[in-house]
Structures are given as C-alpha cells and as structure tokens.
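Content type mmCIF, C-alpha atoms and all ligand atoms, from the file protein_21.cif:
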data_protein
loop_
_atom_site.label_atom_id
_atom_site.label_comp_id
_atom_site.auth_asym_id
_atom_site.auth_seq_id
_atom_site.Cartn_x
_atom_site.Cartn_y
_atom_site.Cartn_z
CA MET A 7 -163.95 -105.37 -79.49
CA GLU A 8 -167.09 -104.85 -77.43
CA SER A 9 -165.21 -102.86 -74.80
CA MET A 10 -164.32 -100.31 -77.49
CA LEU A 11 -167.97 -99.67 -78.35
CA PHE A 12 -169.76 -96.78 -76.77
CA PHE A 13 -172.88 -97.86 -74.86
CA ARG A 14 -175.44 -95.14 -74.40
CA ALA A 15 -177.96 -95.30 -71.57
CA VAL A 16 -180.78 -97.83 -71.94
CA GLY A 17 -184.24 -96.26 -72.06
CA TYR A 18 -187.77 -97.40 -71.23
CA ARG A 19 -188.57 -98.26 -74.85
CA GLU A 20 -185.55 -100.53 -75.21
CA VAL A 21 -186.48 -102.46 -72.07
CA VAL A 22 -190.08 -102.85 -73.28
CA ALA A 23 -188.85 -103.93 -76.75
CA GLY A 24 -186.47 -106.48 -75.20
CA LEU A 25 -189.25 -108.00 -73.09
CA ALA A 26 -191.48 -108.19 -76.18
CA ARG A 27 -188.70 -109.93 -78.16
CA LEU A 28 -188.66 -112.58 -75.42
CA GLY A 29 -192.34 -113.20 -76.18
CA LEU A 30 -193.61 -111.69 -72.91
CA SER A 31 -197.07 -110.13 -72.95
CA ARG A 32 -200.07 -109.33 -70.76
CA ARG A 33 -200.73 -113.07 -70.60
CA SER A 34 -197.33 -113.64 -68.96
CA GLY A 35 -196.68 -114.12 -65.26
CA VAL A 36 -193.02 -113.75 -64.31
CA VAL A 37 -190.80 -114.00 -61.27
CA VAL A 38 -188.00 -111.52 -61.85
CA HIS A 39 -184.42 -111.58 -60.58
CA ALA A 40 -182.46 -108.56 -61.68
CA SER A 41 -179.24 -106.57 -61.54
CA LEU A 42 -179.64 -102.91 -62.43
CA SER A 43 -175.90 -102.41 -62.96
CA ALA A 44 -175.80 -105.27 -65.50
CA PHE A 45 -177.65 -103.04 -68.00
CA GLY A 46 -174.94 -100.37 -67.91
CA GLN A 47 -176.64 -96.99 -67.57
CA VAL A 48 -180.47 -96.93 -67.43
CA GLN A 49 -182.34 -93.65 -67.96
CA GLY A 50 -184.48 -93.23 -64.85
CA GLY A 51 -182.74 -96.13 -63.10
CA ALA A 52 -184.59 -99.01 -61.43
CA ARG A 53 -187.94 -97.21 -61.76
CA THR A 54 -187.71 -97.46 -65.57
CA VAL A 55 -187.13 -101.21 -65.46
CA VAL A 56 -190.02 -101.81 -63.04
CA GLN A 57 -192.38 -99.64 -65.11
CA ALA A 58 -191.41 -101.51 -68.30
CA LEU A 59 -192.13 -104.82 -66.56
CA LEU A 60 -195.50 -103.65 -65.21
CA ASP A 61 -196.49 -102.29 -68.65
CA THR A 62 -195.57 -105.57 -70.38
CA VAL A 63 -196.52 -108.58 -68.26
CA GLY A 64 -199.78 -109.52 -66.51
CA THR A 65 -198.33 -110.68 -63.20
CA LEU A 66 -195.03 -109.67 -61.60
CA ILE A 67 -193.29 -111.22 -58.59
CA MET A 68 -189.91 -110.29 -57.13
CA PRO A 69 -188.08 -111.50 -54.04
CA ALA A 70 -188.05 -108.94 -51.21
CA PHE A 71 -185.88 -110.96 -48.86
CA THR A 72 -184.76 -109.46 -45.55
CA TYR A 73 -181.80 -111.19 -43.92
CA GLU A 74 -181.43 -108.81 -40.98
CA THR A 75 -184.38 -110.43 -39.21
CA ILE A 76 -182.49 -113.74 -38.79
CA THR A 77 -181.74 -114.50 -35.13
CA TRP A 78 -180.54 -118.09 -35.40
CA THR A 79 -178.79 -120.11 -38.13
CA GLU A 80 -177.70 -123.75 -37.87
CA GLY A 81 -176.44 -124.06 -34.35
CA ARG A 82 -175.45 -120.44 -33.76
CA ARG A 83 -176.91 -117.12 -32.88
CA ALA A 84 -177.12 -114.55 -35.70
CA SER A 85 -176.90 -110.80 -35.38
CA GLY A 86 -180.45 -110.07 -36.55
CA THR A 87 -182.14 -107.35 -34.57
CA ALA A 88 -184.93 -106.14 -36.88
CA GLY A 89 -188.46 -107.51 -36.59
CA PHE A 90 -190.07 -108.10 -39.99
CA HIS A 91 -192.70 -105.56 -41.08
CA SER A 92 -194.04 -104.70 -44.51
CA GLY A 93 -191.98 -101.50 -44.71
CA LEU A 94 -188.65 -103.20 -44.05
CA PRO A 95 -186.29 -102.49 -47.00
CA VAL A 96 -185.26 -105.38 -49.23
CA SER A 97 -181.76 -106.64 -48.35
CA ARG A 98 -179.05 -105.00 -50.42
CA GLU A 99 -177.84 -108.28 -51.97
CA ILE A 100 -181.27 -108.84 -53.58
CA GLY A 101 -180.75 -105.69 -55.63
CA ARG A 102 -182.07 -102.22 -56.23
CA ILE A 103 -184.88 -103.16 -58.63
CA PRO A 104 -186.99 -105.14 -56.08
CA GLU A 105 -186.44 -102.41 -53.47
CA VAL A 106 -187.65 -99.68 -55.84
CA PHE A 107 -190.62 -101.89 -56.83
CA ARG A 108 -191.49 -102.29 -53.12
CA ARG A 109 -191.00 -98.65 -52.22
CA GLU A 110 -192.51 -96.83 -55.19
CA PHE A 111 -195.10 -99.10 -56.85
CA ALA A 112 -197.14 -100.32 -53.85
CA PRO A 113 -197.13 -104.05 -54.67
CA LEU A 114 -198.56 -106.60 -52.24
CA ARG A 115 -195.90 -107.93 -49.93
CA THR A 116 -196.06 -111.32 -48.28
CA SER A 117 -195.15 -111.50 -44.60
CA HIS A 118 -192.50 -114.23 -44.34
CA PRO A 119 -189.91 -112.75 -41.94
CA VAL A 120 -186.98 -113.53 -44.29
CA LEU A 121 -188.27 -114.77 -47.64
CA SER A 122 -191.06 -112.29 -48.45
CA PHE A 123 -192.12 -111.54 -52.04
CA VAL A 124 -193.59 -108.43 -53.67
CA VAL A 125 -196.41 -109.19 -56.10
CA ALA A 126 -198.49 -107.09 -58.52
CA GLY A 127 -200.99 -107.66 -61.33
CA THR A 128 -203.45 -110.43 -62.17
CA GLY A 129 -204.01 -112.85 -59.30
CA ALA A 130 -201.59 -111.01 -57.01
CA SER A 131 -203.63 -111.51 -53.84
CA GLU A 132 -204.15 -115.20 -54.66
CA LEU A 133 -200.39 -115.66 -55.14
CA ALA A 134 -199.47 -113.74 -51.99
CA ALA A 135 -201.96 -115.73 -49.90
CA VAL A 136 -200.30 -119.11 -50.46
CA GLN A 137 -197.06 -118.36 -48.67
CA SER A 138 -196.52 -119.89 -45.25
CA LEU A 139 -193.52 -120.42 -42.99
CA GLU A 140 -193.36 -124.04 -44.13
CA ARG A 141 -193.78 -123.19 -47.84
CA PRO A 142 -191.85 -119.96 -48.32
CA TYR A 143 -191.87 -120.43 -52.11
CA GLY A 144 -195.66 -120.90 -52.23
CA PRO A 145 -196.23 -117.84 -54.49
CA ILE A 146 -193.64 -119.18 -56.97
CA GLU A 147 -195.24 -122.62 -56.88
CA LYS A 148 -198.66 -121.12 -57.60
CA LEU A 149 -197.31 -118.99 -60.45
CA ALA A 150 -195.62 -122.10 -61.91
CA GLU A 151 -198.99 -123.91 -61.86
CA HIS A 152 -200.38 -121.03 -63.93
CA GLY A 153 -197.66 -121.31 -66.58
CA GLY A 154 -195.33 -118.72 -65.06
CA GLU A 155 -191.82 -117.97 -66.24
CA VAL A 156 -188.52 -117.07 -64.62
CA LEU A 157 -187.11 -113.82 -66.01
CA LEU A 158 -183.42 -113.17 -65.33
CA LEU A 159 -182.38 -109.57 -66.04
CA GLY A 160 -178.60 -109.46 -66.12
CA VAL A 161 -178.19 -112.25 -63.55
CA ASP A 162 -177.72 -116.01 -63.93
CA HIS A 163 -179.28 -119.06 -62.30
CA ARG A 164 -177.44 -118.34 -59.03
CA SER A 165 -180.22 -115.79 -58.46
CA ASN A 166 -183.04 -118.14 -59.51
CA SER A 167 -185.30 -118.82 -56.48
CA THR A 168 -187.39 -121.30 -58.48
CA ILE A 169 -184.44 -123.72 -58.20
CA HIS A 170 -184.84 -123.56 -54.39
CA LEU A 171 -188.51 -124.46 -54.86
CA GLY A 172 -187.36 -127.44 -56.97
CA GLU A 173 -185.04 -128.45 -54.12
CA GLN A 174 -187.89 -128.20 -51.63
CA LEU A 175 -190.20 -130.26 -53.87
CA ALA A 176 -187.41 -132.88 -54.00
CA GLY A 177 -187.42 -132.99 -50.18
CA ARG A 178 -184.14 -131.18 -49.95
CA MET A 179 -184.81 -128.07 -47.88
CA ILE A 180 -183.59 -129.36 -44.52
CA LEU A 181 -181.90 -126.37 -42.89
CA VAL A 182 -183.68 -124.30 -40.24
CA ARG A 183 -183.56 -120.58 -39.58
CA SER A 184 -185.20 -118.49 -36.88
CA ALA A 185 -186.24 -114.89 -37.35
CA ARG A 186 -188.05 -112.13 -35.57
CA LEU A 187 -191.55 -110.89 -36.38
CA ALA A 188 -192.70 -107.28 -35.82
CA SER A 189 -194.25 -108.39 -32.51
CA GLY A 190 -190.82 -109.51 -31.32
CA GLN A 191 -191.86 -113.19 -31.46
CA VAL A 192 -189.17 -115.48 -32.93
CA VAL A 193 -190.32 -118.19 -35.35
CA SER A 194 -188.47 -121.08 -37.07
CA PHE A 195 -188.87 -122.34 -40.63
CA PRO A 196 -187.13 -124.38 -43.36
CA PHE A 197 -184.39 -122.54 -45.22
CA PRO A 198 -182.50 -123.42 -48.41
CA ASN A 199 -178.82 -124.18 -48.96
CA CYS A 200 -176.91 -121.50 -50.86
CA SER A 201 -177.22 -120.98 -54.61
CA ALA A 202 -173.53 -120.60 -55.52
CA ALA A 203 -173.57 -123.89 -57.49
CA PHE A 204 -176.82 -123.26 -59.38
CA GLY A 205 -174.86 -122.47 -62.54
CA ARG A 206 -174.70 -126.25 -62.98
CA LEU A 207 -178.28 -126.10 -64.28
CA ALA A 208 -177.35 -123.73 -67.11
CA TRP A 209 -176.76 -126.64 -69.50
CA GLU A 210 -180.13 -128.27 -68.72
CA LEU A 211 -181.81 -124.88 -69.17
CA ARG A 212 -179.88 -123.88 -72.29
CA GLY A 213 -183.19 -123.68 -74.18
CA ALA A 214 -184.08 -120.43 -72.35
CA ARG A 215 -185.00 -117.54 -74.70
CA ARG A 216 -182.33 -114.84 -74.62
CA VAL A 217 -182.00 -111.23 -75.72
CA LYS A 218 -179.54 -108.47 -74.98
CA VAL A 219 -180.84 -105.22 -73.45
CA GLY A 220 -178.03 -102.67 -73.17
CA ARG A 221 -175.17 -104.69 -71.72
CA ALA A 222 -177.48 -107.11 -69.92
CA GLN A 223 -178.12 -110.68 -70.96
CA VAL A 224 -181.84 -111.20 -70.38
CA GLN A 225 -183.38 -114.66 -70.39
CA ALA A 226 -186.78 -116.23 -69.84
CA VAL A 227 -187.56 -119.87 -69.15
CA ALA A 228 -190.73 -121.67 -68.06
CA MET A 229 -190.80 -122.31 -64.31
CA SER A 230 -192.05 -125.84 -65.01
CA GLN A 231 -188.80 -126.50 -66.93
CA VAL A 232 -186.71 -125.15 -64.06
CA LEU A 233 -188.54 -127.35 -61.54
CA ALA A 234 -188.26 -130.47 -63.73
CA ALA A 235 -184.55 -129.88 -64.45
CA THR A 236 -183.78 -129.31 -60.74
CA GLN A 237 -185.56 -132.47 -59.61
CA HIS A 238 -184.03 -134.52 -62.42
CA LEU A 239 -180.49 -133.35 -61.61
CA LEU A 240 -180.96 -134.03 -57.87
CA ALA A 241 -182.26 -137.53 -58.58
CA LEU A 242 -179.10 -138.28 -60.63
CA HIS A 243 -176.57 -136.29 -58.57
CA PRO A 244 -177.94 -135.53 -55.07
CA THR A 245 -175.12 -133.10 -54.19
CA ALA A 246 -174.86 -131.35 -57.58
CA LEU A 247 -176.40 -128.06 -56.41
CA LEU A 248 -174.32 -127.75 -53.22
CA CYS A 249 -171.27 -125.48 -53.22
CA ARG A 250 -167.78 -126.59 -52.10
CA SER A 251 -166.99 -123.75 -49.70
CA PRO A 252 -165.97 -125.50 -46.43
CA SER A 253 -167.66 -122.86 -44.26
CA CYS A 254 -170.95 -122.84 -46.21
CA ARG A 255 -174.21 -124.29 -44.89
CA CYS A 256 -174.20 -126.44 -48.05
CA GLN A 257 -171.81 -128.80 -46.21
CA THR A 258 -174.51 -129.49 -43.58
CA VAL A 259 -176.84 -130.50 -46.39
CA ARG A 260 -174.07 -132.55 -48.07
CA ARG A 261 -173.51 -134.54 -44.84
CA TRP A 262 -177.27 -135.09 -44.54
CA VAL A 263 -177.51 -136.33 -48.14
CA GLN A 264 -174.52 -138.66 -47.70
CA ARG A 265 -175.91 -140.08 -44.43
CA ARG A 266 -179.31 -140.70 -45.92
CA PRO A 267 -178.77 -141.74 -49.55
CA LEU A 268 -181.85 -143.98 -49.60
CA ALA A 269 -184.16 -141.34 -48.09
CA ALA A 270 -182.77 -138.70 -50.43
CA GLY A 271 -183.26 -141.03 -53.40
CA LEU A 272 -186.83 -141.83 -52.40
CA ALA A 273 -187.64 -138.14 -52.01
CA ALA A 274 -186.29 -137.57 -55.52
CA GLY A 275 -188.52 -140.32 -56.92
CA ALA A 276 -186.05 -143.24 -57.14
CA PRO A 277 -187.64 -146.72 -57.17
CA SER A 278 -187.77 -148.54 -53.83
CA GLU A 279 -185.71 -151.73 -53.26
CA LYS A 280 -188.91 -153.78 -53.15
CA GLY A 281 -190.05 -152.51 -56.52
CA ALA A 282 -186.63 -152.94 -58.17
ZN ZN B 1 -173.03 -123.07 -50.35
#

Please rewrite the model in this file as structure tokens.
Ligand SMILES: [Zn+2]
Amino acid sequence: MESMLFFRAVGYREVVAGLARLGLSRRSGVVVHASLSAFGQVQGGARTVVQALLDTVGTLIMPAFTYETITWTEGRRASGTAGFHSGLPVSREIGRIPEVFRREFAPLRTSHPVLSFVVAGTGASELAAVQSLERPYGPIEKLAEHGGEVLLLGVDHRSNSTIHLGEQLAGRMILVRSARLASGQVVSFPFPNCSAAFGRLAWELRGARRVKVGRAQVQAVAMSQVLAATQHLLALHPTALLCRSPSCRCQTVRRWVQRRPLAAGLAAGAPSEKGA
C-alpha cells in the first residue's frame, strides 16, 4: 500500500518537527548517524538536515571517518596513500550528511587519522579534546557522561558507533590498524571489529523513541542505555556482536574470545573463580 502513496520532498520544517517529536531540544547532545537517501527526497539535500539538527539540539557530533589513510590492517598492507588532515573528505560509506556538515558548517574536527569526529555546539572543544589514538571514541564517551543520545536518521544499529565504545569498555577492541598522518608518519591504534551483527542489539534497545520523517525511520536512545546493553550482551554472549563472514576481521576477534574465555569474561565483569 505504502508504495502506491506519493511522497513529496521532505522540507526543513518537517525535519525540525520530527526532531521535536523525539523530545530533542537545546538541552540535547546527540551523536548522529544518517542516510540522506533514506528520507526520500529532501529539499536542499544534506544541508537542510544539518541545519535542522543545529537549530534543534545543543551539541552535535558526527563521525567523519577516513579509511583511505589506513596503511596496515591485521597482518597485511593496505592501499592507503592519503595522510590525514582536517580537510580530508569523509569516506563515502559514512554518508553525505557528515561530509556536508564538515565542508559547509565549519565544525571542530578531531585529528584521529581514521576515526575522526566533527563536533559543534555546547562543549564542542571539550568533547573534541578527549580523543586520543588509544581512545578513539573519547568524544562519544564524554557526551554519554553528559546524558547524550544516539540519533539514527534512516539507519539502524549497524551504524551506531556507541556500540563500538561499549565493546571497547568491555575490553573487546583488540584489533590494530596503522594509518598515515599529514606529516607522513605512520601510527598504530586499536580498531573495532565490524558492525554487521549490531542489529542483534535492536531487541535490547527496543525502547528507543521513534518517529517517521519522510520515508526515514528516525530513532533516539540514550547513549548510557546503548553502552549498558552492549556490555550486558557481551557478558552473556561474548561473540554475539561478531559477524559470520569468513573473510571478516570479526573472525580474528572470535578466535581471540574463544582462546581467552576467562579473560574475556573478567573484562566483561564476570565473577572470578576465587569469588565464586
Ligand atoms: Zn564482521
């Protein structure tokens, strides 16, 4: 039935109204993951969505990840040739909305060579300052401490970086990547497994507030809930968030988890043998 309906282009006011229906306001800090095409047509394109976000919330973070700087993945050379600099475009798979935010709205950008974020609004410099190579999700962690929310615009939990933070807090970010800085120097840092299986958290996070904006399903959920659900699931099922693709880096993590069940359990907060 829905396919027979005519969808006109979504405008600025509809996006703003949708965000307000989710309960977002100037007091809100959000990390946004978005698909522009999920809305159907948007008048003014990505710029309209970014402007609606900036006019609604107090603090806005988006991923501005750049994969072309990667020179080394687990055990093999990668094709990365670019050195990271603040003007490097956001990788295509992250979406058009973060790239337009970066290019046209002059947000702060953190300087992680692969996992940089763009940040604007209240406390932006404080949030940007807490990222390091070892804690790539530092800005997300800080926003979570301040009551931040994850806002998914037309995407699902497979795009939700806060779940990767939950994995790291559970001691589960064990892969290493190397990437090139603007100076040409190559640095190494922890890197997450893939997010293809993150849909498994949808049930735990079913309490997320949801609205429809154009064709897009839009949902908001407290980052603290995402972090708690991730750590709880990993404590019960240590491999639950790893995909099954044989060629995926998730299988390296799976082997690590299966070799070290006790260590993995301890990291996830399981009681020690002595205490049991
Ligand atoms: Zn995977």

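With atom CA of A:Val125 on one side and atom CA of A:Phe71 on the other, the separation reads 12.9 Å.
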
Please, what distance in Å, to one decimal, runs between atom CA of A:Ala126 and atom CA of A:Gly160?
21.4 Å

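Ranking A:Val217, A:Ala203, A:Met68, A:Ile103 by their shortest atom-to-atom distance to A:Thr116, with all atoms listed in the file included, puts A:Met68 first.
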
Do you have, as a tab-separated table, the list of residues of chain A lying at most 8 Å from ligand ZN 1 (chain B), each with its nearest atom pair and that distance in Å to one decimal, counting only C-alpha atoms and all ligand atoms and ordered by chain then number?
residue	atom	partner	partner_atom	distance
A:Asn199	CA	B:ZN1	ZN	6.1
A:Cys200	CA	B:ZN1	ZN	4.2
A:Ser201	CA	B:ZN1	ZN	6.3
A:Ala202	CA	B:ZN1	ZN	5.8
A:Ala203	CA	B:ZN1	ZN	7.2
A:Leu248	CA	B:ZN1	ZN	5.6
A:Cys249	CA	B:ZN1	ZN	4.1
A:Arg250	CA	B:ZN1	ZN	6.6
A:Ser251	CA	B:ZN1	ZN	6.1
A:Cys254	CA	B:ZN1	ZN	4.6
A:Arg255	CA	B:ZN1	ZN	5.7
A:Cys256	CA	B:ZN1	ZN	4.2
A:Gln257	CA	B:ZN1	ZN	7.2

For A:Ala188, please output as a PDB file with C-alpha atoms, in the frame of the given file all residues within 10 Å (counting all atoms listed in the file; exclusion window: fewer than 2 positions along the same chain).
ATOM      1  CA  THR A  75    -184.380-110.430 -39.210  1.00  0.00           C
ATOM      2  CA  ALA A  88    -184.930-106.140 -36.880  1.00  0.00           C
ATOM      3  CA  GLY A  89    -188.460-107.510 -36.590  1.00  0.00           C
ATOM      4  CA  PHE A  90    -190.070-108.100 -39.990  1.00  0.00           C
ATOM      5  CA  HIS A  91    -192.700-105.560 -41.080  1.00  0.00           C
ATOM      6  CA  SER A  92    -194.040-104.700 -44.510  1.00  0.00           C
ATOM      7  CA  PRO A 119    -189.910-112.750 -41.940  1.00  0.00           C
ATOM      8  CA  ARG A 186    -188.050-112.130 -35.570  1.00  0.00           C
ATOM      9  CA  GLY A 190    -190.820-109.510 -31.320  1.00  0.00           C
ATOM     10  CA  GLN A 191    -191.860-113.190 -31.460  1.00  0.00           C
ATOM     11  CA  VAL A 192    -189.170-115.480 -32.930  1.00  0.00           C
TER      12      VAL A 192
END

Pick from A:Met229, A:Val156, A:Glu74, A:Val56: nearest to A:Ala112, with all atoms listed in the file counted?
A:Val56

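Of the residues listed (A:Leu181, A:Val136, A:Leu159, A:Val36), A:Val36 shows the shortest atom-to-atom separation from A:Thr65; distances use all atoms listed in the file.
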
Given only C-alpha atoms as the basis, pick out the residue of A:Gly64, A:Gly24, A:Pro113, A:Pro104 nearest to A:Ala134.
A:Pro113
